[in-house]
Every structure is written in C-alpha cells, then in structure tokens.
>>> print(open('final_9.tsv').read())   # TSV, C-alpha atoms
chain	number	residue	atom	x	y	z
R	1	LYS	CA	81.88	84.86	101.05
R	2	SER	CA	79.03	86.03	98.82
R	3	ALA	CA	81.49	88.04	96.72
R	4	ARG	CA	83.34	84.85	95.84
R	5	TRP	CA	80.16	83.31	94.52
R	6	ALA	CA	79.27	86.31	92.40
R	7	VAL	CA	81.45	84.96	89.60
R	8	LEU	CA	79.23	81.88	89.44
R	9	LEU	CA	76.14	83.90	88.54
R	10	LEU	CA	76.26	82.86	84.91
R	11	PHE	CA	76.03	79.18	85.83
R	12	LEU	CA	73.41	79.80	88.50
R	13	CYS	CA	71.33	81.87	86.10
R	14	CYS	CA	71.31	78.98	83.67
R	15	LEU	CA	69.58	76.92	86.34
R	16	SER	CA	67.59	79.63	88.11
R	17	PRO	CA	64.92	79.07	90.77
R	18	ALA	CA	62.31	80.36	88.31
R	19	ALA	CA	63.05	77.32	86.18
R	20	ALA	CA	64.72	74.90	88.61
R	21	GLY	CA	66.88	72.50	86.67
R	22	LYS	CA	67.75	68.83	86.94
R	23	LEU	CA	71.51	68.48	87.14
R	24	LEU	CA	73.59	65.32	86.66
R	25	VAL	CA	77.00	65.48	88.35
R	26	ILE	CA	79.84	63.17	87.30
R	27	PRO	CA	82.74	64.27	89.52
R	28	MET	CA	86.45	63.63	89.70
R	29	GLU	CA	87.68	61.84	92.82
R	30	GLY	CA	90.06	63.50	95.26
R	31	SER	CA	90.49	67.17	96.08
R	32	HIS	CA	88.69	68.14	92.86
R	33	TRP	CA	85.48	66.95	94.51
R	34	LEU	CA	85.89	69.20	97.55
R	35	SER	CA	85.72	72.33	95.39
R	36	MET	CA	82.84	70.97	93.31
R	37	LYS	CA	80.83	70.18	96.44
R	38	GLU	CA	80.92	73.87	97.38
R	39	VAL	CA	79.18	74.71	94.10
R	40	LEU	CA	76.59	71.97	94.62
R	41	ALA	CA	75.74	73.46	98.01
R	42	GLU	CA	74.91	76.79	96.34
R	43	LEU	CA	72.88	75.12	93.61
R	44	ASN	CA	70.94	73.17	96.21
R	45	LYS	CA	69.99	76.45	97.89
R	46	LYS	CA	68.55	77.57	94.55
R	47	GLY	CA	66.18	74.61	94.59
R	48	HIS	CA	67.72	72.52	91.83
R	49	GLU	CA	67.49	68.74	91.73
R	50	ILE	CA	70.99	67.25	91.82
R	51	VAL	CA	72.05	63.66	91.16
R	52	VAL	CA	75.67	62.59	91.71
R	53	ILE	CA	76.96	59.41	90.05
R	54	ALA	CA	80.16	57.92	91.51
R	55	PRO	CA	81.85	54.49	91.78
R	56	GLU	CA	81.28	52.33	94.83
R	57	SER	CA	85.02	52.49	95.67
R	58	ARG	CA	84.94	56.26	96.16
R	59	LEU	CA	87.13	58.05	98.69
R	60	LEU	CA	86.12	61.66	99.31
R	61	ILE	CA	82.87	61.69	97.34
R	62	ASP	CA	80.27	61.30	100.06
R	63	SER	CA	76.51	61.21	100.46
R	64	SER	CA	74.60	64.33	101.43
R	65	GLU	CA	71.10	65.70	101.82
R	66	MET	CA	71.98	68.23	99.12
R	67	TYR	CA	71.89	65.65	96.35
R	68	GLU	CA	70.89	62.11	95.47
R	69	MET	CA	73.82	59.70	95.27
R	70	LYS	CA	73.86	56.84	92.78
R	71	SER	CA	76.69	54.29	92.71
R	72	TYR	CA	77.92	51.80	90.16
R	73	PRO	CA	80.25	48.79	90.62
R	74	ALA	CA	83.95	49.60	90.23
R	75	PRO	CA	86.78	47.28	89.14
R	76	PHE	CA	89.04	48.60	91.92
R	77	LYS	CA	89.06	48.50	95.69
R	78	LYS	CA	89.11	51.66	97.77
R	79	GLU	CA	92.76	51.08	98.74
R	80	GLU	CA	93.80	50.86	95.10
R	81	MET	CA	92.07	54.17	94.36
R	82	GLN	CA	93.91	55.73	97.29
R	83	GLU	CA	97.25	54.64	95.85
R	84	VAL	CA	96.38	56.04	92.41
R	85	LEU	CA	95.50	59.47	93.82
R	86	HIS	CA	98.65	59.49	95.95
R	87	SER	CA	100.84	58.76	92.93
R	88	MET	CA	99.26	61.67	91.06
R	89	THR	CA	100.28	64.18	93.72
R	90	ALA	CA	103.61	62.69	94.83
R	91	ASN	CA	105.59	64.54	92.16
R	92	THR	CA	103.82	67.88	92.49
R	93	PHE	CA	106.26	69.53	94.91
R	94	SER	CA	109.42	67.81	93.73
R	95	ASP	CA	112.64	69.81	93.29
R	96	ASP	CA	113.99	67.47	90.64
R	97	PRO	CA	115.30	68.86	87.32
R	98	PHE	CA	112.76	69.82	84.68
R	99	LEU	CA	113.15	66.73	82.51
R	100	THR	CA	112.87	64.40	85.52
R	101	ARG	CA	109.72	66.12	86.78
R	102	PHE	CA	108.24	66.12	83.30
R	103	MET	CA	108.80	62.40	82.76
R	104	ASN	CA	107.62	61.45	86.26
R	105	THR	CA	104.47	63.50	85.89
R	106	TRP	CA	103.77	61.99	82.49
R	107	TYR	CA	104.28	58.45	83.84
R	108	HIS	CA	102.00	58.94	86.86
R	109	PHE	CA	99.33	60.68	84.80
R	110	LYS	CA	99.34	57.85	82.25
R	111	GLN	CA	99.09	55.32	85.06
R	112	SER	CA	96.19	57.09	86.77
R	113	SER	CA	94.53	57.71	83.43
R	114	SER	CA	94.35	53.94	82.85
R	115	THR	CA	92.61	53.55	86.21
R	116	PHE	CA	90.03	56.22	85.46
R	117	GLN	CA	89.49	54.76	82.00
R	118	ALA	CA	88.55	51.46	83.62
R	119	LEU	CA	86.13	53.27	85.96
R	120	CYS	CA	84.63	55.12	83.02
R	121	ARG	CA	84.18	51.92	81.05
R	122	SER	CA	82.35	50.40	84.03
R	123	LEU	CA	79.93	53.33	84.01
R	124	LEU	CA	79.42	53.59	80.27
R	125	TYR	CA	78.63	49.91	79.87
R	126	ASN	CA	76.39	49.74	82.93
R	127	LYS	CA	73.07	49.31	81.11
R	128	GLU	CA	70.95	50.08	84.16
R	129	MET	CA	72.77	53.38	84.78
R	130	MET	CA	72.64	54.42	81.11
R	131	LYS	CA	68.92	53.70	81.00
R	132	TYR	CA	68.41	55.82	84.11
R	133	ILE	CA	70.34	58.75	82.61
R	134	GLU	CA	68.43	58.55	79.33
R	135	GLU	CA	65.02	58.42	81.00
R	136	SER	CA	65.75	61.13	83.59
R	137	LYS	CA	65.95	63.94	81.00
R	138	PHE	CA	68.64	65.96	82.75
R	139	ASP	CA	68.95	69.66	81.82
R	140	ALA	CA	72.75	69.68	82.10
R	141	ILE	CA	75.78	67.64	83.15
R	142	PHE	CA	78.24	69.16	85.62
R	143	THR	CA	81.59	67.37	85.37
R	144	ASP	CA	85.36	67.61	85.68
R	145	PRO	CA	86.88	67.12	82.20
R	146	LEU	CA	90.19	65.79	83.54
R	147	THR	CA	88.45	62.43	83.11
R	148	PRO	CA	86.06	63.05	80.20
R	149	CYS	CA	83.55	60.33	81.08
R	150	GLY	CA	80.84	62.92	81.78
R	151	GLN	CA	81.33	64.50	78.36
R	152	ILE	CA	81.07	61.11	76.63
R	153	ILE	CA	77.69	60.60	78.30
R	154	ALA	CA	76.67	64.16	77.45
R	155	LEU	CA	77.31	63.56	73.75
R	156	LYS	CA	75.55	60.19	73.83
R	157	PHE	CA	72.32	61.68	75.21
R	158	SER	CA	72.67	65.24	73.79
R	159	ILE	CA	72.89	66.94	77.19
R	160	PRO	CA	74.61	70.35	77.58
R	161	THR	CA	77.79	70.27	79.66
R	162	VAL	CA	79.25	72.61	82.27
R	163	PHE	CA	82.93	71.88	82.94
R	164	PHE	CA	84.52	72.50	86.36
R	165	LEU	CA	88.32	72.53	86.39
R	166	ARG	CA	91.53	74.41	86.97
R	167	SER	CA	93.24	73.42	83.75
R	168	LEU	CA	94.02	70.37	81.64
R	169	PRO	CA	97.41	68.93	80.60
R	170	CYS	CA	98.89	70.20	77.34
R	171	ALA	CA	96.37	73.06	77.23
R	172	ILE	CA	93.71	70.67	75.93
R	173	ASP	CA	91.04	72.88	77.50
R	174	ILE	CA	92.35	75.93	75.63
R	175	HIS	CA	92.42	74.11	72.30
R	176	ALA	CA	88.99	72.52	72.86
R	177	ALA	CA	87.47	75.94	73.52
R	178	GLN	CA	89.26	77.25	70.39
R	179	ALA	CA	91.11	79.93	72.34
R	180	PRO	CA	94.46	81.25	71.05
R	181	ASP	CA	97.45	79.63	72.73
R	182	PRO	CA	100.64	81.22	71.36
R	183	PRO	CA	103.74	79.47	72.78
R	184	SER	CA	105.72	82.68	72.36
R	185	TYR	CA	103.64	84.41	75.05
R	186	VAL	CA	101.87	81.77	77.19
R	187	PRO	CA	104.37	79.90	79.43
R	188	ARG	CA	104.00	76.11	79.40
R	189	LEU	CA	103.64	73.89	82.41
R	190	PHE	CA	107.00	73.02	84.08
R	191	SER	CA	108.87	75.57	81.96
R	192	VAL	CA	109.33	77.98	84.93
R	193	ASN	CA	108.98	80.79	82.36
R	194	THR	CA	107.01	84.00	82.83
R	195	ASP	CA	104.98	85.82	80.19
R	196	HIS	CA	108.10	87.92	79.48
R	197	MET	CA	110.55	85.48	77.87
R	198	THR	CA	113.95	85.81	76.29
R	199	PHE	CA	114.58	84.22	72.89
R	200	SER	CA	116.06	81.06	74.43
R	201	GLN	CA	113.10	80.77	76.81
R	202	ARG	CA	110.68	81.07	73.88
R	203	VAL	CA	112.55	78.28	72.09
R	204	LYS	CA	112.29	76.12	75.23
R	205	ASN	CA	108.59	76.97	75.51
R	206	PHE	CA	108.03	76.02	71.87
R	207	LEU	CA	109.85	72.68	72.25
R	208	ILE	CA	107.71	71.83	75.28
R	209	THR	CA	104.61	72.63	73.22
R	210	LEU	CA	105.75	70.20	70.52
R	211	SER	CA	106.37	67.46	73.09
R	212	GLU	CA	102.87	67.91	74.55
R	213	THR	CA	101.32	66.60	71.35
R	214	PHE	CA	103.04	63.25	71.88
R	215	THR	CA	102.71	62.94	75.66
R	216	CYS	CA	99.03	63.85	75.89
R	217	ASN	CA	98.11	61.73	72.89
R	218	MET	CA	99.63	58.80	74.75
R	219	ALA	CA	97.94	59.67	78.05
R	220	TYR	CA	94.47	60.22	76.58
R	221	SER	CA	94.54	57.63	73.79
R	222	GLY	CA	92.62	55.18	75.98
R	223	PHE	CA	89.82	57.67	76.54
R	224	GLU	CA	89.70	58.44	72.82
R	225	THR	CA	89.34	54.74	72.01
R	226	LEU	CA	86.69	54.33	74.70
R	227	ALA	CA	84.73	57.36	73.48
R	228	SER	CA	84.99	56.30	69.84
R	229	ASP	CA	83.70	52.81	70.60
R	230	PHE	CA	80.86	54.01	72.82
R	231	LEU	CA	79.74	56.82	70.48
R	232	GLN	CA	80.39	54.65	67.40
R	233	LYS	CA	82.41	57.32	65.62
R	234	PRO	CA	86.10	58.32	65.70
R	235	ILE	CA	86.73	61.25	68.04
R	236	THR	CA	89.77	62.87	69.69
R	237	ILE	CA	89.91	64.24	73.22
R	238	THR	CA	89.96	67.81	71.88
R	239	GLN	CA	86.92	67.19	69.67
R	240	LEU	CA	85.15	65.54	72.59
R	241	LEU	CA	85.63	68.47	74.95
R	242	SER	CA	84.92	71.07	72.25
R	243	HIS	CA	81.20	70.40	72.81
R	244	GLY	CA	81.33	71.87	76.32
R	245	SER	CA	78.92	74.76	76.88
R	246	ILE	CA	80.56	76.56	79.83
R	247	TRP	CA	84.03	76.27	81.36
R	248	LEU	CA	84.13	77.18	85.07
R	249	LYS	CA	87.86	77.51	85.76
R	250	ARG	CA	89.35	77.72	89.24
R	251	LEU	CA	91.80	80.40	88.11
R	252	ASP	CA	92.32	84.07	88.78
R	253	PHE	CA	94.54	86.54	86.96
R	254	VAL	CA	95.83	87.65	90.36
R	255	LEU	CA	97.97	84.49	90.28
R	256	GLU	CA	98.00	83.54	86.59
R	257	TYR	CA	99.94	85.05	83.70
R	258	PRO	CA	97.91	86.87	81.04
R	259	MET	CA	96.39	84.54	78.46
R	260	PRO	CA	93.64	84.70	75.85
R	261	ILE	CA	90.29	83.27	77.00
R	262	MET	CA	86.94	82.67	75.32
R	263	PRO	CA	83.57	84.19	76.36
R	264	ASN	CA	82.35	80.88	77.79
R	265	MET	CA	85.35	80.60	80.13
R	266	ILE	CA	84.39	81.89	83.57
R	267	PHE	CA	87.15	82.37	86.15
R	268	ILE	CA	86.03	81.32	89.65
R	269	GLY	CA	89.38	81.21	91.44
R	270	GLY	CA	89.13	81.37	95.22
R	271	ILE	CA	85.79	79.65	95.75
R	272	ASN	CA	87.52	76.92	97.75
R	273	CYS	CA	89.45	79.35	99.96
R	274	GLY	CA	88.65	79.66	103.64
R	275	GLN	CA	86.15	82.34	104.64
R	276	LYS	CA	87.78	85.47	106.04
R	277	LYS	CA	86.45	88.66	107.57
R	278	PRO	CA	85.10	91.17	105.00
R	279	LEU	CA	87.34	94.06	103.96
R	280	SER	CA	86.87	97.34	105.73
R	281	GLN	CA	85.07	100.01	103.69
R	282	LEU	CA	87.37	101.89	101.31
R	283	GLY	CA	85.09	104.68	100.11
R	284	GLY	CA	86.79	107.16	97.78
R	285	CYS	CA	90.11	105.33	97.66
R	286	HIS	CA	91.17	104.90	94.03
R	287	GLY	CA	87.57	104.96	92.90
R	288	LEU	CA	86.45	102.10	95.15
R	289	SER	CA	82.88	102.50	96.33
R	290	PRO	CA	81.86	102.01	99.99
R	291	ALA	CA	79.54	99.32	98.57
R	292	ILE	CA	82.53	97.04	98.01
R	293	ASN	CA	81.38	94.86	100.88
R	294	GLN	CA	77.88	94.49	99.46
R	295	PRO	CA	77.17	91.15	97.76
R	296	HIS	CA	78.02	91.11	94.05
R	297	SER	CA	78.64	94.89	94.02
R	298	SER	CA	81.85	94.73	91.97
R	299	LEU	CA	80.25	92.56	89.31
R	300	ALA	CA	76.84	94.18	89.28
R	301	HIS	CA	78.33	97.53	88.23
R	302	SER	CA	80.78	96.24	85.65
R	303	PRO	CA	79.98	96.80	81.94
R	304	LEU	CA	79.60	93.08	81.30
R	305	PHE	CA	77.13	92.35	84.09
R	306	SER	CA	75.13	95.58	83.83
R	307	SER	CA	74.60	95.28	80.08
R	308	PRO	CA	70.92	95.04	79.10
R	309	ASN	CA	71.90	92.35	76.59
R	310	PRO	CA	74.73	90.30	78.12
R	311	PRO	CA	76.65	88.12	75.63
R	312	THR	CA	75.63	84.51	75.25
R	313	PRO	CA	78.55	82.12	75.89
R	314	MET	CA	79.71	80.34	72.75
R	315	GLY	CA	78.73	76.73	72.23
R	316	MET	CA	75.96	76.84	74.83
R	317	GLY	CA	73.41	74.05	74.63
R	318	ARG	CA	69.92	75.04	73.53
R	319	ARG	CA	68.26	74.34	76.85
R	320	ILE	CA	70.91	76.28	78.78
R	321	GLU	CA	70.75	79.13	76.24
R	322	ARG	CA	66.98	79.36	76.58
R	323	MET	CA	67.18	79.61	80.38
R	324	TYR	CA	70.12	82.04	80.16
R	325	ASN	CA	68.25	84.44	77.86
R	326	THR	CA	65.19	84.29	80.10
R	327	ASN	CA	67.00	84.85	83.38
R	328	HIS	CA	69.99	87.06	82.58
R	329	CYS	CA	68.34	89.78	84.68
R	330	CYS	CA	69.74	88.11	87.76
R	331	TYR	CA	73.10	89.69	86.85
R	332	HIS	CA	71.72	93.00	88.08
R	333	GLN	CA	71.83	93.90	91.71
>>> encode(input="final_9.tsv", output="structure tokens")
Amino acid sequence: KSARWAVLLLFLCCLSPAAAGKLLVIPMEGSHWLSMKEVLAELNKKGHEIVVIAPESRLLIDSSEMYEMKSYPAPFKKEEMQEVLHSMTANTFSDDPFLTRFMNTWYHFKQSSSTFQALCRSLLYNKEMMKYIEESKFDAIFTDPLTPCGQIIALKFSIPTVFFLRSLPCAIDIHAAQAPDPPSYVPRLFSVNTDHMTFSQRVKNFLITLSETFTCNMAYSGFETLASDFLQKPITITQLLSHGSIWLKRLDFVLEYPMPIMPNMIFIGGINCGQKKPLSQLGGCHGLSPAINQPHSSLAHSPLFSSPNPPTPMGMGRRIERMYNTNHCCYHQ
C-alpha cells in the first residue's frame, strides 16, 4: 500500500511534519469524497490540521477524528441530493449511440451543475463561514475542481490550491493548466477513438472538440456568473482554475492513452484500489531490483525524485513553494 502513496510525496512534502500545515478541504459529494478521504487519512498521520467544510444535506461526507467538520445550511434536502448524484451516473454505462449518450450526459451534467451552483452560492454568501475562513489563515485549500467553489474561495482569500480529480469535462483541466491538447492525437470523451486514429476518426475527434466549447460553456456558465459576482471581476471557468498550484489526478498511463501533461500534474491513479498482497521479489528480472517491495523504492531511485534540485511545480503558491523548497529532501529514501 505504501508504494501507492509514494506518488503523493510532492503534496505531502508541501505540508510536511516539520512545518505542519493548516488545510481547508472543500470536497465534492459522492464517490469523489471516498478517494479524497484516503488522502486526508495520510495527511492526518503527518500531523496536519484539517478542516472539512460541507453542506448539512451531505450524503457520504461524514465526520471523523481525522479532521474537524464544519457545516453550512443547504437549499436542498438529503433525498434531493441523492437523486442528483444518481442522475449523474445513470448514463455512464449506457450502450446507446454516441449522440444519444453525449446529449444525455450533457443534460444530466447541466442539471447537476445547477444544484451544485446553488450549494456553492449558499457557502459563498454565508458571512459567518467566510469570516471563519478569512481569520483561520489556511496554508492551502484541497478541493475537487469539478465544482469550482473551493477555487473561488481560494482566489478571494489568496490561498494556494491543490486540486484532486480524475479529469474535467471538455478537457477544462488541460486548458487551465496550459497543457497541449491536440485533437489529432488525444482522443475525446465518448469518441471511442484510440491515440492511433484514421483520417475520418481525426475529423470526428475535431468536431467533438468544437462542440465541447458550446456544451461546457452552457454547463459552467452559472459558475462563471457566480464567481464573477463574488470576486467582482469577470472570469471564465478556465481562468478560474488556471490559478491552481498542484493537480493530483487519479489517472495512470497504464490505462490512459498518451497525452501531454504539465510539471504540476501528478498522477496518483490507484490510490483508491483495494489493498493486495505485495509482489514477490523479482531481483535481476529486466533490471528490476529486489528492493521493489520496499516503500517508495521505484520513485526514490528515479531521476526526478533523486535529483538534488527537484523541479518546482508551475503556478505554485508562495507558501507552498517555500515549504516545498525547504522539505524536498523527503523525496529521497
């Protein structure tokens, strides 16, 4: 299990025990929370102070000794939230034609987005909660950008942000991080294409890319209006998320097609998988060391993590950068 957490060393170094941090967590409801809670358990072991803010009508987000829970009034009942989350996943495993799946997914996402916008508005305009956040002087905000409420608060109070996600619709995460996203090589969602496409498949991929501009603008327009009003300046969803310091992505190239990524994108795929027995020792086989079962061994000996001057992730907030530069030695075994 420790090998799975090795990929989180960058984030854990930023909030190391030598300088225990104060972390504000604004999570996404549903299964997203279950993965995030695993990370909070590790951070709690490091001695960090964690505060989770969630609506009163929460479903899976629960209280724990690992963190302090703070709630705010929500405009929806628990049953209504349950229905929203169910509608989001109902179309996931459908065998309908591409266009049908695309339109159904867009409709359900827009519907659920309106619900989460209302929840976000309740939090942003809760004066007591905003006063608490401002006075608490948090070192960082840990949030799921699928609902960008955490990032709106981060910009309001100039707090560095660590994003926790798999991906965002229409490759918003890729564009916000300013990573290349060529439609001729990176297959789009629902296209059923691989990274090796024929000419007709590339045309299809390109047309889907064009349609994403319209569909995601419609789905996120409410959040853009909300953010613009609260921050008192016009801002798009891409501009909003471009201020993120670190992107922890639940991806792994074992399952994903090749794609360009930025230095502050850290792949942590598999952290929510069930714990299995460790691999047997494979000394000498294809250059694999017998130390493969030792914690962090594969990362500790890689060029990136053994470098005396590891690269600083782009866009990192000043407080996170200061702690990162001080504690990057924890990359070494």
>>> closest_residue(input="final_9.tsv", among="R:Gly222, R:Gly30, R:Pro55, R:Pro260", to="Ile174 (chain R)", atoms="all atoms listed in the file")
R:Pro260
>>> residues_around(input="final_9.tsv", residues="Ala41 (chain R)", least_positions_apart="5", cutoff="10 Å", atoms="only C-alpha atoms", output="JSON, numbers by chain")
{"R": [36, 46, 50, 64, 65, 66, 67]}
>>> write_last_selection(input="final_9.tsv", atoms="C-alpha atoms", output="PDB file, in the coordinates of the input")
ATOM      1  CA  MET R  36      82.840  70.970  93.310  1.00  0.00           C
ATOM      2  CA  LYS R  46      68.550  77.570  94.550  1.00  0.00           C
ATOM      3  CA  ILE R  50      70.990  67.250  91.820  1.00  0.00           C
ATOM      4  CA  SER R  64      74.600  64.330 101.430  1.00  0.00           C
ATOM      5  CA  GLU R  65      71.100  65.700 101.820  1.00  0.00           C
ATOM      6  CA  MET R  66      71.980  68.230  99.120  1.00  0.00           C
ATOM      7  CA  TYR R  67      71.890  65.650  96.350  1.00  0.00           C
TER       8      TYR R  67
END
>>> closest_residue(input="final_9.tsv", among="R:Thr100, R:Thr143, R:Thr238, R:Ser71", to="Glu56 (chain R)", atoms="only C-alpha atoms")
R:Ser71
>>> atom_distance(input="final_9.tsv", atom1="CA of Ser63 (chain R)", atom2="CA of His48 (chain R)")
16.7 Å
>>> atom_distance(input="final_9.tsv", atom1="CA of Gln201 (chain R)", atom2="CA of Pro183 (chain R)")
10.3 Å
>>> closest_residue(input="final_9.tsv", among="R:Met265, R:Leu255, R:Ala140, R:Ile208", to="Ala177 (chain R)", atoms="all atoms listed in the file")
R:Met265
>>> residues_around(input="final_9.tsv", residues="Ser114 (chain R)", least_positions_apart="3", cutoff="12 Å", atoms="only C-alpha atoms", output="list in words")
Pro75, Phe76, Met81, Val84, Tyr107, His108, Phe109, Lys110, Gln111, Gln117, Ala118, Leu119, Cys120, Arg121, Thr147, Met218, Ala219, Tyr220, Ser221, Gly222, Phe223, Glu224, Thr225 and Leu226 of chain R
>>> closest_residue(input="final_9.tsv", among="R:Glu80, R:Leu60, R:Pro73, R:Ile271", to="Leu251 (chain R)", atoms="all atoms listed in the file")
R:Ile271
>>> atom_distance(input="final_9.tsv", atom1="CA of Val52 (chain R)", atom2="CA of Lys131 (chain R)")
15.5 Å
>>> closest_residue(input="final_9.tsv", among="R:Phe157, R:Trp247, R:Phe267, R:Phe214", to="Phe142 (chain R)", atoms="all atoms listed in the file")
R:Trp247
>>> residues_near_point(input="final_9.tsv", point="(70.4, 62.3, 83.6)", cutoff="12 Å", atoms="all atoms listed in the file", output="compact mmCIF listing (two decimals) with C-alpha atoms, in the coordinates of the input")
# COMPACT_ATOMS: atom_id res chain seq x y z
CA GLY R 21 66.88 72.50 86.67
CA LYS R 22 67.75 68.83 86.94
CA LEU R 23 71.51 68.48 87.14
CA LEU R 24 73.59 65.32 86.66
CA VAL R 25 77.00 65.48 88.35
CA ILE R 26 79.84 63.17 87.30
CA GLU R 49 67.49 68.74 91.73
CA ILE R 50 70.99 67.25 91.82
CA VAL R 51 72.05 63.66 91.16
CA VAL R 52 75.67 62.59 91.71
CA ILE R 53 76.96 59.41 90.05
CA GLU R 68 70.89 62.11 95.47
CA LYS R 70 73.86 56.84 92.78
CA MET R 129 72.77 53.38 84.78
CA MET R 130 72.64 54.42 81.11
CA LYS R 131 68.92 53.70 81.00
CA TYR R 132 68.41 55.82 84.11
CA ILE R 133 70.34 58.75 82.61
CA GLU R 134 68.43 58.55 79.33
CA GLU R 135 65.02 58.42 81.00
CA SER R 136 65.75 61.13 83.59
CA LYS R 137 65.95 63.94 81.00
CA PHE R 138 68.64 65.96 82.75
CA ASP R 139 68.95 69.66 81.82
CA ALA R 140 72.75 69.68 82.10
CA ILE R 141 75.78 67.64 83.15
CA PHE R 142 78.24 69.16 85.62
CA GLY R 150 80.84 62.92 81.78
CA ILE R 153 77.69 60.60 78.30
CA ALA R 154 76.67 64.16 77.45
CA LYS R 156 75.55 60.19 73.83
CA PHE R 157 72.32 61.68 75.21
CA SER R 158 72.67 65.24 73.79
CA ILE R 159 72.89 66.94 77.19
CA PRO R 160 74.61 70.35 77.58
CA THR R 161 77.79 70.27 79.66
>>> closest_residue(input="final_9.tsv", among="R:Val162, R:Leu189, R:Ala227, R:Ile261", to="Phe102 (chain R)", atoms="all atoms listed in the file")
R:Leu189
>>> residues_near_point(input="final_9.tsv", point="(92.9, 67.3, 80.1)", cutoff="7 Å", atoms="all atoms listed in the file", output="MDAnalysis selection string")
chainID R and resid 145:146 168:169 172:173
>>> decode(input="final_9.tsv", residues="region 93-116 of chain R", atoms="N, CA and C atoms", output="compact mmCIF listing (two decimals), in the first residue's frame")
# COMPACT_ATOMS: atom_id res chain seq x y z
N PHE R 93 -22.88 3.88 -18.00
CA PHE R 93 -22.66 2.57 -18.62
C PHE R 93 -23.71 2.26 -19.70
N SER R 94 -24.27 3.29 -20.27
CA SER R 94 -25.28 3.10 -21.31
C SER R 94 -24.64 2.61 -22.61
N ASP R 95 -25.39 1.79 -23.35
CA ASP R 95 -24.95 1.31 -24.66
C ASP R 95 -25.63 2.07 -25.79
N ASP R 96 -26.20 3.20 -25.50
CA ASP R 96 -26.88 4.00 -26.52
C ASP R 96 -25.87 4.52 -27.54
N PRO R 97 -26.34 4.94 -28.72
CA PRO R 97 -25.44 5.53 -29.72
C PRO R 97 -24.72 6.76 -29.17
N PHE R 98 -23.63 7.11 -29.83
CA PHE R 98 -22.77 8.20 -29.36
C PHE R 98 -23.55 9.49 -29.11
N LEU R 99 -24.32 9.91 -30.10
CA LEU R 99 -25.02 11.19 -29.98
C LEU R 99 -26.01 11.17 -28.83
N THR R 100 -26.68 10.05 -28.62
CA THR R 100 -27.64 9.93 -27.52
C THR R 100 -26.92 10.02 -26.18
N ARG R 101 -25.82 9.29 -26.04
CA ARG R 101 -25.06 9.34 -24.79
C ARG R 101 -24.51 10.73 -24.53
N PHE R 102 -24.04 11.37 -25.60
CA PHE R 102 -23.48 12.71 -25.47
C PHE R 102 -24.53 13.70 -24.96
N MET R 103 -25.70 13.68 -25.56
CA MET R 103 -26.75 14.62 -25.18
C MET R 103 -27.30 14.32 -23.79
N ASN R 104 -27.44 13.03 -23.45
CA ASN R 104 -27.92 12.68 -22.11
C ASN R 104 -26.93 13.10 -21.03
N THR R 105 -25.66 12.87 -21.30
CA THR R 105 -24.63 13.25 -20.34
C THR R 105 -24.60 14.76 -20.15
N TRP R 106 -24.71 15.48 -21.27
CA TRP R 106 -24.71 16.94 -21.19
C TRP R 106 -25.91 17.44 -20.38
N TYR R 107 -27.09 16.84 -20.62
CA TYR R 107 -28.30 17.26 -19.91
C TYR R 107 -28.17 17.02 -18.40
N HIS R 108 -27.72 15.80 -18.03
CA HIS R 108 -27.61 15.48 -16.61
C HIS R 108 -26.53 16.31 -15.93
N PHE R 109 -25.44 16.56 -16.64
CA PHE R 109 -24.37 17.37 -16.05
C PHE R 109 -24.85 18.80 -15.82
N LYS R 110 -25.59 19.34 -16.79
CA LYS R 110 -26.12 20.70 -16.64
C LYS R 110 -27.11 20.76 -15.48
N GLN R 111 -27.91 19.73 -15.34
CA GLN R 111 -28.89 19.68 -14.25
C GLN R 111 -28.19 19.61 -12.89
N SER R 112 -27.21 18.73 -12.78
CA SER R 112 -26.48 18.60 -11.50
C SER R 112 -25.64 19.83 -11.23
N SER R 113 -25.13 20.44 -12.29
CA SER R 113 -24.33 21.66 -12.12
C SER R 113 -25.15 22.76 -11.48
N SER R 114 -26.42 22.88 -11.85
CA SER R 114 -27.30 23.89 -11.26
C SER R 114 -27.47 23.65 -9.76
N THR R 115 -27.55 22.37 -9.39
CA THR R 115 -27.69 22.02 -7.96
C THR R 115 -26.44 22.42 -7.19
N PHE R 116 -25.29 22.08 -7.72
CA PHE R 116 -24.04 22.40 -7.03
C PHE R 116 -23.76 23.90 -7.04
